[in-house]
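Worksheet for the structure shown next.
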Amino acid sequence: MSDAFIAGADMIAFGRYPDRTYFELGAEAALLALDDAGLSILDVGAVYASSCFNAQSMLGQKILKLVGQTGVPCINVSNACASGATAVREATMAVRSGMVDVALAVGAEKNPRGMLGGAPAFGPPVEGLFGSESMPAVFAEAGMVHANAYGTTLEQFAQVAVKNHYHATMNPKAVYRKETPMEEVLASEMIAWPLTKLMCSANVDGAAAVIIVSEKKARELGMSRMVRIRGSVLTSDPYESRNPEMFDASSVTRLAAAQAYEMAGLGPEDLDLVELHDCFATAEILHYENLRLCGEGEAGRLIDSGATALGGRIPVNVSGGLLSKGHPIGATGVANIVEIVEHLRGEAGARQVAGAKIGLAHVLGFGAAAGVHILEKA
Amino acid sequence: MQLGMFIDLAQGYSEANEILAGRVPMAADTVTLAKPGHKAIRIAADGSAFIEGFRCDACGAAFPEATMACRACASRAVPHPFRAAETGKLFTWSVVSRSYPGIAVPFVSAIVDLDDGLSLKGTLRDVAPDQVKAGMPVRLVMDNAGGATDKDGAPYVGFHFTPMGDA
């Protein structure tokens, strides 16, 4: 298998687009990424298009109808919040296998409004009668497992939101670009203990795209802005005794991280920055340990130390993360990779992680799926 | 952590402790069968309700629903049904203060490990939020699913958890 490289990467600003369709958003991101790579849709051999809610509508084909119907295969994927990483991973495999020299991975979403969560399969409404199926409650319960085991405090969870909202002030494509001090995070509406509203991800529309090329194509285009894909992994949830009664955010992520580090021949100590799936502040704390950025039980101390803030030892979610950049479900897993690429190229502006050479992007889909990509400046 | 900001959840749940019989007379010549309001609830011929789990003979793993092979070890010996224990321990929880429109809040969403290895999500009632602690012993209580009925008026059977002993 040959190496695969990211030659183009871009995203639209995340926010609400009431007057545009999700495939218009996706087409715009695809054109931005093609322009970034210096390529045309005529160069693309396969399209991997992700949307949690609209993959079944032939998203990739709808995008090609806006930018050029070249007749190439379109693979439309839905994999919850890991949809975007799934598209990137499949595009990577298409290139690495030699099937195509250029693949487009594009994620596009218009999120439904209101709180996301499950619907009852049968019988009376589940909510309140049999606990809660809302996403905030699910991730609150997961966070409380950590709090119960290690004494993680409300303030430590809240600090994730303080940090990521601060990071977003430096990202012009983030939906919320306003600092939220600790007092403001704690004073915002309590949703599901220990999660206040400002500790929940921003429900928005958005699109992002990457152009993945073979080594041969990368050398043709020039290596100066190329990013090498060192690890590209997708997992489903392995058996865990309480899952799925209790959503297990950790084992599926740990499995993906272990495989990605092995594929890359790298470890967490080699990383310069991480974009991880902070759908809720509690999740970021869990993923510090799941991705082995610190030891078991040390995540509370890691956030306290400032190590995961810009300028720290291992900056996490300098884009602002899902909490403040926004979380258009099917685009998120592509956007996380776009962010890493910008840092590895030294093009991230005010939020640039100085000297970044290697970065990791992680997403977690409820149900469950985890995607981990490890990228290196070529 | 401080949970004192929440009101006493026990308030308003007194009716929920009524255990519903499986058969509710609707008229002299008809009966309406109560229906399970949750995938793991079974209603016996005598009207009593219980939780049914499924256990793998090969590895011992327990699940709250039937599977075609073992979810844990992939053994093709089909996991067999068993009547679940009615006591267990609280594994994790959240006090839910905002839910979907029309859902009464706050309530405690809980993950309980029953004593025989089955884990369930359910609402923990009759406890003040600041008294909720991981590991506390709890009891499974069958109930009337908040009085919910189907389109034909048949009642549902539900369950919730309550603290046991000194907790």
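Chain labels A, B, ... are given in the sequence in which chains occur in the structure tokens; within each chain residues are numbered consecutively from 1, and ligands are likewise numbered from 1 in the order shown.
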Can you write out as a tab-separated table which residues of chain A fall within 8 Å of chain B, alongside each residue's closest atom pair and its distance in Å to one decimal, counting only C-alpha atoms and ordering rows by chain and ascending residue number?
residue	atom	partner	partner_atom	distance
A:Met115	CA	B:Tyr100	CA	7.1
A:Phe122	CA	B:Gly37	CA	7.7
A:Gly123	CA	B:Gly37	CA	5.0
A:Pro124	CA	B:Gly37	CA	5.9
A:Glu127	CA	B:Ile103	CA	7.0
A:Gly128	CA	B:Thr123	CA	6.5
A:Leu129	CA	B:Thr123	CA	6.1
A:Phe130	CA	B:Gly122	CA	3.9
A:Gly131	CA	B:Ser109	CA	3.9
A:Ser132	CA	B:Ser109	CA	5.5
A:Ser134	CA	B:Ser99	CA	7.0
A:Ala137	CA	B:Ser94	CA	6.3
A:Ala140	CA	B:Ser94	CA	5.9
A:Glu141	CA	B:Trp93	CA	5.0
A:Ala142	CA	B:Thr92	CA	7.5
A:Met144	CA	B:Thr92	CA	6.1
A:Val145	CA	B:Thr92	CA	5.7
A:Asn148	CA	B:Ala134	CA	6.5
A:Thr153	CA	B:Met1	CA	6.6
A:Leu154	CA	B:Met1	CA	6.6
A:Met190	CA	B:Ser97	CA	6.2
A:Ile191	CA	B:Arg98	CA	4.8
A:Ala192	CA	B:Val96	CA	4.2
A:Trp193	CA	B:Val95	CA	5.2
A:Pro194	CA	B:Ser94	CA	7.4
A:Tyr239	CA	B:Ala72	CA	5.3
A:Glu240	CA	B:Ala72	CA	7.7
A:Ser241	CA	B:Ala61	CA	7.2
A:Arg242	CA	B:Ser119	CA	5.6
A:Glu245	CA	B:Lys121	CA	5.6
A:Met246	CA	B:Ile111	CA	6.5
Export of prior selection with C-alpha atoms as a PDB file, in the first residue's frame:
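Output below, filename result-v5.pdb:
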ATOM      1  CA  MET A 115     -31.578  18.913  21.699  1.00  0.00           C
ATOM      2  CA  PHE A 122     -42.001   1.397  21.033  1.00  0.00           C
ATOM      3  CA  GLY A 123     -44.236   1.963  24.031  1.00  0.00           C
ATOM      4  CA  PRO A 124     -44.557   5.077  26.169  1.00  0.00           C
ATOM      5  CA  GLU A 127     -37.616  10.177  28.570  1.00  0.00           C
ATOM      6  CA  GLY A 128     -37.984  10.596  32.313  1.00  0.00           C
ATOM      7  CA  LEU A 129     -39.640   7.189  32.757  1.00  0.00           C
ATOM      8  CA  PHE A 130     -36.518   5.143  32.078  1.00  0.00           C
ATOM      9  CA  GLY A 131     -33.823   7.714  32.716  1.00  0.00           C
ATOM     10  CA  SER A 132     -32.793  10.037  29.919  1.00  0.00           C
ATOM     11  CA  SER A 134     -30.777  12.959  25.664  1.00  0.00           C
ATOM     12  CA  ALA A 137     -27.580  13.236  29.966  1.00  0.00           C
ATOM     13  CA  ALA A 140     -23.132  13.611  31.849  1.00  0.00           C
ATOM     14  CA  GLU A 141     -23.457  10.022  33.067  1.00  0.00           C
ATOM     15  CA  ALA A 142     -20.187   9.145  31.328  1.00  0.00           C
ATOM     16  CA  MET A 144     -19.842  11.072  36.391  1.00  0.00           C
ATOM     17  CA  VAL A 145     -18.113   7.713  36.005  1.00  0.00           C
ATOM     18  CA  ASN A 148     -16.937   8.969  40.901  1.00  0.00           C
ATOM     19  CA  THR A 153     -14.749  18.338  39.882  1.00  0.00           C
ATOM     20  CA  LEU A 154     -17.440  20.459  38.265  1.00  0.00           C
ATOM     21  CA  MET A 190     -27.870  23.533  34.146  1.00  0.00           C
ATOM     22  CA  ILE A 191     -28.817  20.899  31.534  1.00  0.00           C
ATOM     23  CA  ALA A 192     -27.737  17.582  33.065  1.00  0.00           C
ATOM     24  CA  TRP A 193     -25.399  17.597  36.047  1.00  0.00           C
ATOM     25  CA  PRO A 194     -22.488  18.351  35.702  1.00  0.00           C
ATOM     26  CA  TYR A 239     -18.334  -5.483  23.881  1.00  0.00           C
ATOM     27  CA  GLU A 240     -18.514  -3.776  27.272  1.00  0.00           C
ATOM     28  CA  SER A 241     -20.882  -5.073  29.919  1.00  0.00           C
ATOM     29  CA  ARG A 242     -23.036  -1.929  30.391  1.00  0.00           C
ATOM     30  CA  GLU A 245     -27.619   0.703  28.312  1.00  0.00           C
ATOM     31  CA  MET A 246     -24.815   3.063  29.284  1.00  0.00           C
TER      32      MET A 246
END
What residues in range 83-297 of chain A get the DSSP label helix (DSSP H, G or I)? Please answer as a PDB file with C-alpha atoms, in the first residue's frame.
ATOM      1  CA  SER A  83     -19.493  10.182   9.579  1.00  0.00           C
ATOM      2  CA  GLY A  84     -16.849  12.655   8.412  1.00  0.00           C
ATOM      3  CA  ALA A  85     -13.915  10.583   9.681  1.00  0.00           C
ATOM      4  CA  THR A  86     -15.476   7.584   7.959  1.00  0.00           C
ATOM      5  CA  ALA A  87     -15.481   9.415   4.624  1.00  0.00           C
ATOM      6  CA  VAL A  88     -11.858  10.506   5.098  1.00  0.00           C
ATOM      7  CA  ARG A  89     -10.796   7.018   6.081  1.00  0.00           C
ATOM      8  CA  GLU A  90     -12.509   5.403   3.104  1.00  0.00           C
ATOM      9  CA  ALA A  91     -11.021   8.004   0.727  1.00  0.00           C
ATOM     10  CA  THR A  92      -7.605   7.291   2.248  1.00  0.00           C
ATOM     11  CA  MET A  93      -8.047   3.571   1.658  1.00  0.00           C
ATOM     12  CA  ALA A  94      -9.108   4.227  -1.960  1.00  0.00           C
ATOM     13  CA  VAL A  95      -5.852   6.108  -2.545  1.00  0.00           C
ATOM     14  CA  ARG A  96      -3.614   3.765  -0.560  1.00  0.00           C
ATOM     15  CA  MET A 135     -27.186  13.403  24.557  1.00  0.00           C
ATOM     16  CA  PRO A 136     -26.349  15.791  27.419  1.00  0.00           C
ATOM     17  CA  ALA A 137     -27.580  13.236  29.966  1.00  0.00           C
ATOM     18  CA  VAL A 138     -25.711  10.391  28.284  1.00  0.00           C
ATOM     19  CA  PHE A 139     -22.419  12.294  28.368  1.00  0.00           C
ATOM     20  CA  ALA A 140     -23.132  13.611  31.849  1.00  0.00           C
ATOM     21  CA  GLU A 141     -23.457  10.022  33.067  1.00  0.00           C
ATOM     22  CA  ALA A 142     -20.187   9.145  31.328  1.00  0.00           C
ATOM     23  CA  GLY A 143     -18.493  12.104  32.997  1.00  0.00           C
ATOM     24  CA  MET A 144     -19.842  11.072  36.391  1.00  0.00           C
ATOM     25  CA  VAL A 145     -18.113   7.713  36.005  1.00  0.00           C
ATOM     26  CA  HIS A 146     -14.851   9.684  35.933  1.00  0.00           C
ATOM     27  CA  ALA A 147     -15.935  11.958  38.778  1.00  0.00           C
ATOM     28  CA  ASN A 148     -16.937   8.969  40.901  1.00  0.00           C
ATOM     29  CA  ALA A 149     -13.658   7.143  40.256  1.00  0.00           C
ATOM     30  CA  TYR A 150     -11.210  10.035  40.470  1.00  0.00           C
ATOM     31  CA  LEU A 154     -17.440  20.459  38.265  1.00  0.00           C
ATOM     32  CA  GLU A 155     -14.810  23.168  37.804  1.00  0.00           C
ATOM     33  CA  GLN A 156     -12.466  20.800  35.965  1.00  0.00           C
ATOM     34  CA  PHE A 157     -15.219  19.854  33.516  1.00  0.00           C
ATOM     35  CA  ALA A 158     -16.165  23.534  33.171  1.00  0.00           C
ATOM     36  CA  GLN A 159     -12.549  24.512  32.466  1.00  0.00           C
ATOM     37  CA  VAL A 160     -12.794  22.571  29.180  1.00  0.00           C
ATOM     38  CA  ALA A 161     -15.488  25.015  28.051  1.00  0.00           C
ATOM     39  CA  VAL A 162     -13.499  28.024  29.299  1.00  0.00           C
ATOM     40  CA  LYS A 163     -10.460  26.836  27.322  1.00  0.00           C
ATOM     41  CA  ASN A 164     -12.238  25.923  24.089  1.00  0.00           C
ATOM     42  CA  HIS A 165     -14.348  29.064  24.002  1.00  0.00           C
ATOM     43  CA  TYR A 166     -11.137  31.071  24.452  1.00  0.00           C
ATOM     44  CA  HIS A 167      -9.489  29.175  21.590  1.00  0.00           C
ATOM     45  CA  ALA A 168     -12.440  29.951  19.311  1.00  0.00           C
ATOM     46  CA  MET A 182     -15.487  30.107  34.632  1.00  0.00           C
ATOM     47  CA  GLU A 183     -18.232  32.065  36.444  1.00  0.00           C
ATOM     48  CA  GLU A 184     -20.192  32.388  33.215  1.00  0.00           C
ATOM     49  CA  VAL A 185     -19.865  28.671  32.362  1.00  0.00           C
ATOM     50  CA  LEU A 186     -21.022  27.678  35.848  1.00  0.00           C
ATOM     51  CA  ALA A 187     -23.855  30.221  35.855  1.00  0.00           C
ATOM     52  CA  LYS A 197     -25.405  24.838  28.581  1.00  0.00           C
ATOM     53  CA  LEU A 198     -21.963  26.290  27.827  1.00  0.00           C
ATOM     54  CA  MET A 199     -20.473  22.806  28.301  1.00  0.00           C
ATOM     55  CA  GLU A 215       2.462   9.855  -3.324  1.00  0.00           C
ATOM     56  CA  LYS A 216       2.886  10.087  -7.104  1.00  0.00           C
ATOM     57  CA  LYS A 217       0.305  12.872  -7.333  1.00  0.00           C
ATOM     58  CA  ALA A 218       1.730  14.594  -4.252  1.00  0.00           C
ATOM     59  CA  ARG A 219       5.161  14.777  -5.844  1.00  0.00           C
ATOM     60  CA  GLU A 220       3.625  16.182  -9.045  1.00  0.00           C
ATOM     61  CA  LEU A 221       1.869  18.893  -7.043  1.00  0.00           C
ATOM     62  CA  ALA A 249     -17.483   6.598  24.910  1.00  0.00           C
ATOM     63  CA  SER A 250     -14.171   5.172  25.985  1.00  0.00           C
ATOM     64  CA  SER A 251     -13.556   1.616  24.795  1.00  0.00           C
ATOM     65  CA  VAL A 252     -14.349   2.406  21.138  1.00  0.00           C
ATOM     66  CA  THR A 253     -12.006   5.406  21.266  1.00  0.00           C
ATOM     67  CA  ARG A 254      -9.244   3.462  23.018  1.00  0.00           C
ATOM     68  CA  LEU A 255      -9.409   0.763  20.393  1.00  0.00           C
ATOM     69  CA  ALA A 256      -9.131   3.320  17.576  1.00  0.00           C
ATOM     70  CA  ALA A 257      -6.280   5.196  19.277  1.00  0.00           C
ATOM     71  CA  ALA A 258      -4.271   2.022  19.878  1.00  0.00           C
ATOM     72  CA  GLN A 259      -4.646   0.977  16.240  1.00  0.00           C
ATOM     73  CA  ALA A 260      -3.821   4.465  14.930  1.00  0.00           C
ATOM     74  CA  TYR A 261      -0.674   4.791  17.046  1.00  0.00           C
ATOM     75  CA  GLU A 262       0.424   1.363  15.868  1.00  0.00           C
ATOM     76  CA  MET A 263      -0.274   2.149  12.210  1.00  0.00           C
ATOM     77  CA  ALA A 264       1.622   5.441  12.501  1.00  0.00           C
ATOM     78  CA  PRO A 268       0.970  10.219  22.218  1.00  0.00           C
ATOM     79  CA  GLU A 269       4.329  11.735  23.226  1.00  0.00           C
ATOM     80  CA  ASP A 270       4.983  12.501  19.544  1.00  0.00           C
ATOM     81  CA  ALA A 281     -17.045  19.082  28.247  1.00  0.00           C
ATOM     82  CA  THR A 282     -17.126  15.762  30.093  1.00  0.00           C
ATOM     83  CA  ALA A 283     -16.128  13.959  26.888  1.00  0.00           C
ATOM     84  CA  GLU A 284     -12.914  15.941  26.497  1.00  0.00           C
ATOM     85  CA  ILE A 285     -11.839  14.894  29.995  1.00  0.00           C
ATOM     86  CA  LEU A 286     -12.512  11.215  29.188  1.00  0.00           C
ATOM     87  CA  HIS A 287     -10.677  11.410  25.867  1.00  0.00           C
ATOM     88  CA  TYR A 288      -7.484  12.826  27.448  1.00  0.00           C
ATOM     89  CA  GLU A 289      -7.083   9.381  28.956  1.00  0.00           C
ATOM     90  CA  ASN A 290      -8.633   7.466  26.058  1.00  0.00           C
TER      91      ASN A 290
END
Item to complete: Find the distance between CA of Val210 in chain A and CA of Phe53 in chain A and write it in Å to one decimal.
Response: 20.3 Å
Can you pull out the residues contacting range 31-34 of chain A? Cut-off 9 Å, using only C-alpha atoms, and skip same-chain residues under 5 positions away; I want them as an mmCIF file with C-alpha atoms, in the first residue's frame.
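Written file, result.cif:
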data_model
loop_
_atom_site.group_PDB
_atom_site.id
_atom_site.type_symbol
_atom_site.label_atom_id
_atom_site.label_comp_id
_atom_site.auth_asym_id
_atom_site.auth_seq_id
_atom_site.Cartn_x
_atom_site.Cartn_y
_atom_site.Cartn_z
ATOM 1 C CA ALA A 7 -3.217 18.008 -0.753
ATOM 2 C CA GLY A 8 -6.179 20.279 -0.091
ATOM 3 C CA ALA A 9 -8.250 21.056 2.992
ATOM 4 C CA ASP A 10 -10.825 23.704 3.783
ATOM 5 C CA MET A 11 -14.187 24.365 5.392
ATOM 6 C CA ILE A 12 -16.899 26.973 5.350
ATOM 7 C CA GLY A 26 -20.880 20.617 0.797
ATOM 8 C CA LEU A 39 -6.868 20.624 -8.578
ATOM 9 C CA SER A 40 -10.159 20.419 -10.484
ATOM 10 C CA ILE A 41 -13.119 18.130 -9.970
ATOM 11 C CA VAL A 67 -19.640 21.317 -9.406
ATOM 12 C CA LEU A 104 -12.472 13.895 -2.378
ATOM 13 C CA ALA A 208 -15.646 20.722 5.256
ATOM 14 C CA ALA A 209 -13.611 18.854 2.640
ATOM 15 C CA VAL A 210 -10.186 17.341 2.066
ATOM 16 C CA ILE A 211 -8.460 16.192 -1.122
#
Worksheet item: Which residues in range 31-209 of chain A does DSSP call strand (DSSP E)? List them as a PyMOL selection string.
Response: chain A and resi 46-50+74-77+102-110+190-192+195-196+205-209
Put those residues in a file: C-alpha atoms, as a PDB file, in the first residue's frame.
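Output contents, as saved in out.pdb:
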ATOM      1  CA  ALA A  46     -13.826   9.018  -6.269  1.00  0.00           C
ATOM      2  CA  VAL A  47     -16.073  10.996  -3.920  1.00  0.00           C
ATOM      3  CA  TYR A  48     -16.749  10.050  -0.294  1.00  0.00           C
ATOM      4  CA  ALA A  49     -19.563  12.209   1.070  1.00  0.00           C
ATOM      5  CA  SER A  50     -20.696  12.191   4.683  1.00  0.00           C
ATOM      6  CA  CYS A  74     -19.839   8.442  -5.048  1.00  0.00           C
ATOM      7  CA  ILE A  75     -19.909   6.665  -1.710  1.00  0.00           C
ATOM      8  CA  ASN A  76     -22.347   8.286   0.711  1.00  0.00           C
ATOM      9  CA  VAL A  77     -21.754   7.514   4.367  1.00  0.00           C
ATOM     10  CA  VAL A 102      -7.134  11.659  -6.111  1.00  0.00           C
ATOM     11  CA  ALA A 103     -10.140  11.276  -3.811  1.00  0.00           C
ATOM     12  CA  LEU A 104     -12.472  13.895  -2.378  1.00  0.00           C
ATOM     13  CA  ALA A 105     -13.850  13.480   1.147  1.00  0.00           C
ATOM     14  CA  VAL A 106     -16.567  15.982   1.945  1.00  0.00           C
ATOM     15  CA  GLY A 107     -18.839  16.275   4.974  1.00  0.00           C
ATOM     16  CA  ALA A 108     -21.942  18.462   4.995  1.00  0.00           C
ATOM     17  CA  GLU A 109     -24.725  18.883   7.509  1.00  0.00           C
ATOM     18  CA  LYS A 110     -27.649  21.045   8.442  1.00  0.00           C
ATOM     19  CA  MET A 190     -27.870  23.533  34.146  1.00  0.00           C
ATOM     20  CA  ILE A 191     -28.817  20.899  31.534  1.00  0.00           C
ATOM     21  CA  ALA A 192     -27.737  17.582  33.065  1.00  0.00           C
ATOM     22  CA  LEU A 195     -23.131  19.870  32.251  1.00  0.00           C
ATOM     23  CA  THR A 196     -24.289  23.452  31.916  1.00  0.00           C
ATOM     24  CA  ASP A 205     -24.731  23.844   9.996  1.00  0.00           C
ATOM     25  CA  GLY A 206     -21.436  23.432   8.195  1.00  0.00           C
ATOM     26  CA  ALA A 207     -19.296  21.662   5.640  1.00  0.00           C
ATOM     27  CA  ALA A 208     -15.646  20.722   5.256  1.00  0.00           C
ATOM     28  CA  ALA A 209     -13.611  18.854   2.640  1.00  0.00           C
TER      29      ALA A 209
END
Worksheet entry | Nearest to Leu33 in chain B, chosen from B:Thr162, B:His80, B:Arg139, B:Gly153, with only C-alpha atoms counted in the distances |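 Looking at the shortest contact to Leu33 in chain B, the residue is B:Gly153.
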Worksheet entry | Atomic separation - CA of Gly114 in chain A relative to CA of Ala82 in chain A, Å | 20.2 Å
Worksheet item: Which of these residues is nearest to Ala30 in chain A, using only C-alpha atoms: A:Gly311, A:Met99, A:Val334, A:Leu322?
Response: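 So, comparing all the options, the nearest one is A:Val334.
For the atom pair formed by CA of Asp248 in chain A and CA of Gln131 in chain B, the distance is 25.1 Å, given to one decimal.
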Practice prompt. Name all residues at most 7 Å from Ser236 in chain A (count only C-alpha atoms; drop same-chain ones fewer than 3 positions away) and give them as a PyMOL selection string.
Written response: chain A and resi 252+368-370
